[in-house]
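Novice: Starting off with a structure, shown below.
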Amino acid sequence: MKRSIYVLALGAFGIITTEFGVVGILPTISRQFGVSIDTAGWLLSAFAITVAVSSPFITSFTSKINRKFLLCLVMSIFVLSNIISAFSTNFTMLMIARILPAILHPLFWNISIAIAFKKKGAKGVSTVMLGLSLATVLGIPMTTYAADLFHDWKASFFLSSGISLIAFIGLLVFIPSIPAEKEKSGQNQLTILKNPFLWMNLISTIGTLAAMFSSYTYLTAYLEEITRMNGAQISIMLLLFGGMGTLGNWLMGIALSRNVKLTSRLFLLLLISVQVLAYFMGGVFIPMVIIVSFWGMIHTGGFLVSNIRTTQNIPHHALEFVNSLLTSSFNIGISLGAFLGGIVSAYYGVQYVLSVSVLLLSATFLLSFFSFPKDILEKEKIELVTSACE
């Protein structure tokens with residue numbers, strides 16, 4: 001089963017490379033299809049919105065289907081969609097090819113994390129999540145570099161398709177058949193929706209991810225237009241960004257194990273600081289190399305911070321349901337951030353996307369000091385314990 005978990009991590013690598021790999025070629029796609037950079041940004045936003053809408057429902061709709069079959073189905077759709085993307089003759093066709101895999105995207109996360117947790121607990125989940133980190137470190141820079149190396153944006157999608165194909169074969173060979181469990185009532189899980197802290201944390205998650213991706217979505221354009229880097233230099237910067245992100249994710253995990261609230265606030269302040277520096281030093285090459293390094297180290301921890309902050313006090317019986325809400329919140333934040341960053345970039349210039357991120361991070365930081373009356377919290381705690389025992 002250890003080998004199976006590594007295959008699931010490879011699948012995670014494939015789907016995240018497909019979702020975010022487009023970030024590195026947005027300016028190229030913008031020029032290729034004659035659309036504005038903010039319109040091109042919808043290739044990420046539409047993907048994220050689709051995931052956000054489908055996440056709470058897609059798992060329940062497929063609850064009676066063999067889980068291995070679903071995992072393989074998801075990866076096969078990702079292979080197909082990347083091929084269609086590469087052969088797209090217009091922007092509309094490319095957009096449809098992006099939305100196609102997004103519908104089933106949440107299935108992979110819900111099933112793979114459930115399998116990993118059941119077999120190896122938190123360690124298994126962290127292994128699957130490693131695929132996400134490695135996609136940032138290797139997948140996105142690789143697809144960006146492929147497009148630059150072959151002087152063709154299609155190379156990016158062909159590479160993503162190849163990665164997904166390898167993951168599909170791995171799932172087919174190494175994942176055992178996993179029959180669907182008997183359908184269970186979600187009444188007890190829905191009780192968690194009465195928890196006010198859950199809603200505050202979900203709103204904070206949306207704000208955090210919107211801030212992160214209002215700037216990160218247009219990082220390639222920023223480095224190209226403001227720092228005056230060429231394609232090869234940008235690919236190296238994205239690799240550096242992701243590599244430092246892996247280190248940052250590890251450090252963030254250590255910090256969160258000691259104090260969740262303090263670490264969450266420190267993350268927000270550090271990301272604000274590094275983007276303020278990027279705004280003022282964006283036109284200077286060497287300082288931007290250093291700034292992007294620290295930016296990547298801080299940025300990647302946002303997923304872990306949001307996850308731990310939201311789930312730390314959630315009863316075990318409601319974790320799967322809350323994770324589906326988190327998936328939606330992540331993608332709502334990603335799409336909102338890409339949308340807001342696109343508007344600002346189109347009307348004021350790409351250098352100002354950093355101001356959107358700083359404002360959202362500041363609002364989320366202030367929200368972290370909000371608290372609820374003790375009597376409300378005690379009442380909700382009693383109801384959650386009661387529902388868990390039923």
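Going by the structure tokens order, chains are called A, B, ..., each with residues numbered from 1, while ligands are numbered from 1 in the order shown.
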Using only C-alpha atoms, which residues sit within 10 Å of Ile99 (chain A) once same-chain residues fewer than 4 positions away are excluded, as number ranges by chain?

Specialist: A: 43-51, 81, 94-95, 103-105

Novice: Can you work out which one of A:Leu262, A:Ala52, A:Val292, A:Met200 has the shortest atom-to-atom distance to Val274 (chain A), counting only C-alpha atoms?

Specialist: A:Val292

Novice: Please report as a Markdown table every residue of region 54-102 of chain A lying within 9 Å of region 145-168 of chain A, along with the nearest atom pair and their distance in Å (one decimal), using only C-alpha atoms.

Specialist:
| residue | atom | partner | partner_atom | distance |
| --- | --- | --- | --- | --- |
| A:Leu71 | CA | A:Phe168 | CA | 8.3 |
| A:Cys72 | CA | A:Phe168 | CA | 5.8 |
| A:Leu73 | CA | A:Phe168 | CA | 8.5 |
| A:Val74 | CA | A:Phe168 | CA | 8.6 |
| A:Met75 | CA | A:Phe168 | CA | 5.4 |
| A:Ser76 | CA | A:Phe168 | CA | 6.4 |
| A:Phe78 | CA | A:Ser164 | CA | 6.4 |
| A:Val79 | CA | A:Ser161 | CA | 4.6 |
| A:Leu80 | CA | A:Ser161 | CA | 7.3 |
| A:Ser81 | CA | A:Ser161 | CA | 7.9 |
| A:Asn82 | CA | A:Ser161 | CA | 5.2 |
| A:Ile83 | CA | A:Phe158 | CA | 6.3 |
| A:Ile84 | CA | A:Phe157 | CA | 8.8 |
| A:Ser85 | CA | A:Phe157 | CA | 6.6 |
| A:Ala86 | CA | A:Lys154 | CA | 4.7 |
| A:Phe87 | CA | A:Lys154 | CA | 7.5 |
| A:Ser88 | CA | A:Lys154 | CA | 9.0 |

Novice: Can you write out the residues you just picked, keeping N, CA and C atoms, as a CSV table (one decimal), in the first residue's frame?

Specialist:
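And here's again-v7.csv as it stands now:
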chain,number,residue,atom,x,y,z
A,71,LEU,N,-10.5,7.0,-9.9
A,71,LEU,CA,-9.2,7.6,-9.9
A,71,LEU,C,-8.6,7.5,-11.4
A,72,CYS,N,-8.8,6.3,-12.0
A,72,CYS,CA,-8.3,6.1,-13.3
A,72,CYS,C,-9.1,7.0,-14.3
A,73,LEU,N,-10.4,7.1,-14.1
A,73,LEU,CA,-11.2,7.9,-15.0
A,73,LEU,C,-10.7,9.4,-14.9
A,74,VAL,N,-10.5,9.9,-13.7
A,74,VAL,CA,-10.0,11.3,-13.6
A,74,VAL,C,-8.7,11.5,-14.3
A,75,MET,N,-7.8,10.6,-14.2
A,75,MET,CA,-6.5,10.8,-14.8
A,75,MET,C,-6.6,10.7,-16.3
A,76,SER,N,-7.4,9.8,-16.8
A,76,SER,CA,-7.6,9.7,-18.3
A,76,SER,C,-8.2,10.9,-18.9
A,78,PHE,N,-7.7,13.9,-17.7
A,78,PHE,CA,-6.7,14.9,-17.7
A,78,PHE,C,-5.7,14.7,-18.9
A,79,VAL,N,-5.5,13.4,-19.2
A,79,VAL,CA,-4.6,13.2,-20.4
A,79,VAL,C,-5.3,13.7,-21.6
A,80,LEU,N,-6.6,13.4,-21.8
A,80,LEU,CA,-7.4,13.8,-22.9
A,80,LEU,C,-7.5,15.3,-23.0
A,81,SER,N,-7.8,16.0,-21.9
A,81,SER,CA,-8.0,17.4,-21.9
A,81,SER,C,-6.7,18.2,-22.3
A,82,ASN,N,-5.6,17.7,-21.9
A,82,ASN,CA,-4.3,18.4,-22.3
A,82,ASN,C,-4.0,18.2,-23.7
A,83,ILE,N,-4.4,17.1,-24.3
A,83,ILE,CA,-4.2,16.9,-25.8
A,83,ILE,C,-5.1,17.8,-26.5
A,84,ILE,N,-6.4,17.9,-26.1
A,84,ILE,CA,-7.3,18.8,-26.7
A,84,ILE,C,-6.8,20.3,-26.6
A,85,SER,N,-6.3,20.6,-25.4
A,85,SER,CA,-5.7,22.0,-25.2
A,85,SER,C,-4.6,22.3,-26.2
A,86,ALA,N,-3.7,21.3,-26.5
A,86,ALA,CA,-2.6,21.5,-27.4
A,86,ALA,C,-3.1,21.7,-28.8
A,87,PHE,N,-4.2,21.1,-29.2
A,87,PHE,CA,-4.7,21.2,-30.6
A,87,PHE,C,-5.8,22.3,-30.7
A,88,SER,N,-6.0,23.1,-29.7
A,88,SER,CA,-7.0,24.1,-29.7
A,88,SER,C,-6.7,25.1,-30.8

Novice: Between CA of Phe61 (chain A) and CA of Val22 (chain A), measure the distance and give it in Å to one decimal.

Specialist: 29.2 Å

Novice: Of the residues A:Asn66, A:Thr220, A:Ser215, A:Asn110, which is the one nearest to Thr28 (chain A), using only C-alpha atoms?

Specialist: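 With only C-alpha atoms as the atom set, the closest residue is A:Thr220.
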
Novice: Within 7 Å of Gly282 (chain A), counting only C-alpha atoms, which residues qualify if same-chain residues fewer than 3 places away don't, as a list in words?

Specialist: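 Listed by chain and then number, they are Ile226, Thr227, Ala278, Tyr279 and Met288 of chain A.
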
Novice: Closest to Gly333 (chain A) among A:Ser177, A:Thr205, A:Ser54, A:Thr92, using only C-alpha atoms?

Specialist: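 The shortest atom-to-atom distance to Gly333 (chain A) comes from A:Thr205.
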
Novice: Give me, as a PyMOL selection string, the residues of region 72-229 of chain A that a backbone DSSP run labels alpha helix (DSSP H).

Specialist: chain A and resi 72-86+91-102+105-134+140-149+154-174+187-190+196-216+219-225

Novice: Select, from A:Thr17, A:Asn90, A:Ser55, A:Ser345, the residue with the minimum atom-to-atom distance to Arg31 (chain A), counting only C-alpha atoms.

Specialist: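 Result for the nearest residue to Arg31 (chain A): A:Asn90.
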